[in-house]
Structures are given as C-alpha cells and as structure tokens.
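Enquirer: Let me begin by handing over the structure; questions about it come next.
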Amino acid sequence: MSPVSLGMPAAPQPVLSPRRRTRQIRVGSVGVGSDSPVSVQSMTTTPTTDINSTLQQIAELNAAGCDIVRVACPSQDDADALPIIAMKSPIPVIADIHFQPKYVFAAIDAGCAGVRVNPGNIRKFDDQVGDIAKAAKDAGVSIRIGVNAGSLDRRLMEKYGKATPEALMESAKWEASLFEEHDFHDFKISVKHNDPVTMVRAYQLLAAEGDWPLHLGVTEAGPAFQGTIKSATAFGALLSQGIGDTIRVSLSAPPVEEVKVGSQILQSLGLRPKKLEIVSCPSCGRAQVDVYKLADDVTEGLKDLTVPLRVAVMGCVVNGPGEAREADLGVASGNGKGQIFVKGEVIRTVAEDQIVETLIAEANRIAEEMDAEGAEETGAPSVTVAG
C-alpha cells in the first residue's frame, strides 16, 4: 500500500455562508465577533458559594471544549466568591446578574471577564447604564445584554402583548443604544426564546439592525433530547446564514452535555475543527451484525481521541465498503467478519468479535502518526490520550 498523508487538511472546511461582519469584543482571552471563531459557552450548576465544586465543574467544562463559562451571582455571598473563581478558572468567567445592579459592579471589581445583565428584570436599569458602562470600560470588561422572552420589559409587553420577535429585537436595540450613548461598545446581545422559530426570527431582525456580536441561545430548551433538537435546529438556521458569534445550548442536563452538543453543532457546520466523527449506518434487514452495539462500543473506545478522525462503522455489503473507503478508518461487516479499511485500502479481515479492538488499535496508531507529523511541523512534542 502506498503511503498516504494523515495530516490535517490544508484547506479550510467549507461553510454554508460567510460570517456576518460584526464588531470585535473580548471576553477575557476569548475574542467574540466575526474576526474570531464561534465560541461555545455553558453555565455552572453548582452554588457559586461552593468555590471548590464550581472550579471543579469549570475544569470539566474546559476539558469538554467550553470556551467561556457563566456563573450565577444572586447574592452577596456569591459575589464574595467571584474573585477566587475568576482568578483560578482556566477559561474566562462571566457573572450572571439579575435584579440587583450592585452585583454588576461587584463582578467587575472581582475581575470577571464579562457580565451578563438582563435589563428587563434589573431595577431601574436604564438609570444606571452610565455608571455600569464607565466601570466596565475602566476595567476592560465586556457585557452581554441578555433579553429573554420570560423577562421582557413590561413596556414592550404592553405594546406587543407577548414576546414577539419584534418585541425582543426592539428591547435589545433600545438597551444597546443606552450603552452606545455612553460610548460603550464592548457588548454582545442575545434575544432568547424557547420557541426556535420565534428565536430565529428575532435574531434575523436584530442582525439587520446593527453590527453587534450576537450570542445565540434557545432558552429553556428542555431535556437533553428535545433541547438538542431545538438548539440544533435554531443554531443551524442562523449559523448557516452567518449569524452568530458565540453559542450556549441550554439543556436540562449536566452542563458538560451542553458543551458536547454545542461543539458538535459547530463541527457539523464546518465552524469548528472536527475531531472524532463516527459514520454508522442505521441498520436494516440486510445487516448481519449488531450495528448499534458496534457503533456504541467504537464510540466509547475512541471518546478521548484528540485528532480529527472519521471512522465508518458499517453493517452490510450495500453501502458498507463505499462508506468505509471514504473514511480515514472503517469497517464493512458481514458473515461473521469485518473488512478493515484505512484511507480506502483494505488492510485486513478480522473476526466479528475482533472488530472493535482492531478499530481502536488502528485509530490509536493513526493518531500517533498524525501527532508525530504535527510535532515535526511545529518542532514540539505532542501526546494523544485514547481510551
């Protein structure tokens, strides 16, 4: 078999639409705007006052690929915990503020990289924008103006009757103008709704009104399955139009699952470098192996792989060989055995009970070669951890 390069592709991944041009802001070390990659956010579920548990969860989120993390700050005790959390967190920390404007200033003083404010439920917020803008500008802290359907300004609720896309857009545009009047521009905006259609339309309207960077989210999206579908639908619709600079998948599930879903959405749209991708058939009456178990076992065995690798797990002779040849690594199974493909070439045939261990071993071998190539190009050592 002739040697085949297993390095990263030289050309960028294709995308459905160029990014909408937005102004650039920073959330600590992470750039947000069209000059930076779309980032993934999540929020801790631990009490912020429990500093060790909060930092442990942040570490888990960071390991899963989270770029920015948000922590709740509903009380003075939470505010008192922010300086240590902000200092020790491996990723930028945003303080989530509702109701009490004094905690906005506490978060800025604590060294948080950003503050999320919901103008609809902060008392007399409009009167304090100038002071907030000055404090944030002096500290180099960015702000997210977070408009939510469930806490829309009462004046707009009276005008529109409910949280329509137009109401969400108007609220966000008004609050943005208040900051801009004070020459503060380091903010991004979100207009979240639990209905993907309403949410998508609200962001489309807002994107047409200015060059603000936008944080995408379907609020209260639901349990893992439903929330994943709703978020993927809404984010896919917007990101495919170039709208969106940072995302948070809101699930009634552990926050690490939010990060996994968000990262996968971006990878699927070519907006984040791909890592492990499992291509597996849905099974049918032609299948001669348990494709579901085979795909699950391979996925579990390769879950810690850090290199971009496309692995095809196929269960019949119709599409199996073709899909396996297209992947970096693959198997076409049937009649109690599996043909193992590497870069389109059959390298061996193994018994059915050896398919999983063979694929894992070959994947690790390929990963080591890719790491070695990367180390040669950069002159630095590289290590891949695989299960």
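Residues in the structure tokens are numbered from 1 in each chain, the chains being A, B, ... in the order shown, and ligands are numbered from 1 in the order shown.
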Out of segment 224-328 of chain A, which residues get helix (DSSP H, G or I) from DSSP, as number ranges by chain?

Expert: A: 224-239, 255-268, 291-301, 320-326

Enquirer: Pick the closest to Ile243 of chain A from A:Val38, A:Leu82, A:Val30, A:Ile58: which is it, counting only C-alpha atoms?

Expert: A:Val38

Enquirer: Can you work out which one of A:Val256, A:Leu302, A:Leu251, A:Leu178 has the shortest atom-to-atom distance to Val69 of chain A, counting only C-alpha atoms?

Expert: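 The answer is A:Val256, which sits nearest to Val69 of chain A.
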
Enquirer: Once DSSP has gone over the backbone, tell me which residues of segment 18-176 of chain A are in strand (DSSP E or B), as a ChimeraX atom specification.

Expert: /A:25-27,30-32,39-43,68-72,93-99,114-122,142-148

Enquirer: My list of candidates is A:Asp67, A:Asp35, A:Asp80, A:Glu170. Which is closest to Asp50 of chain A when distances are computed with only C-alpha atoms?

Expert: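 Residue with the minimum atom-to-atom distance to Asp50 of chain A: A:Asp80.
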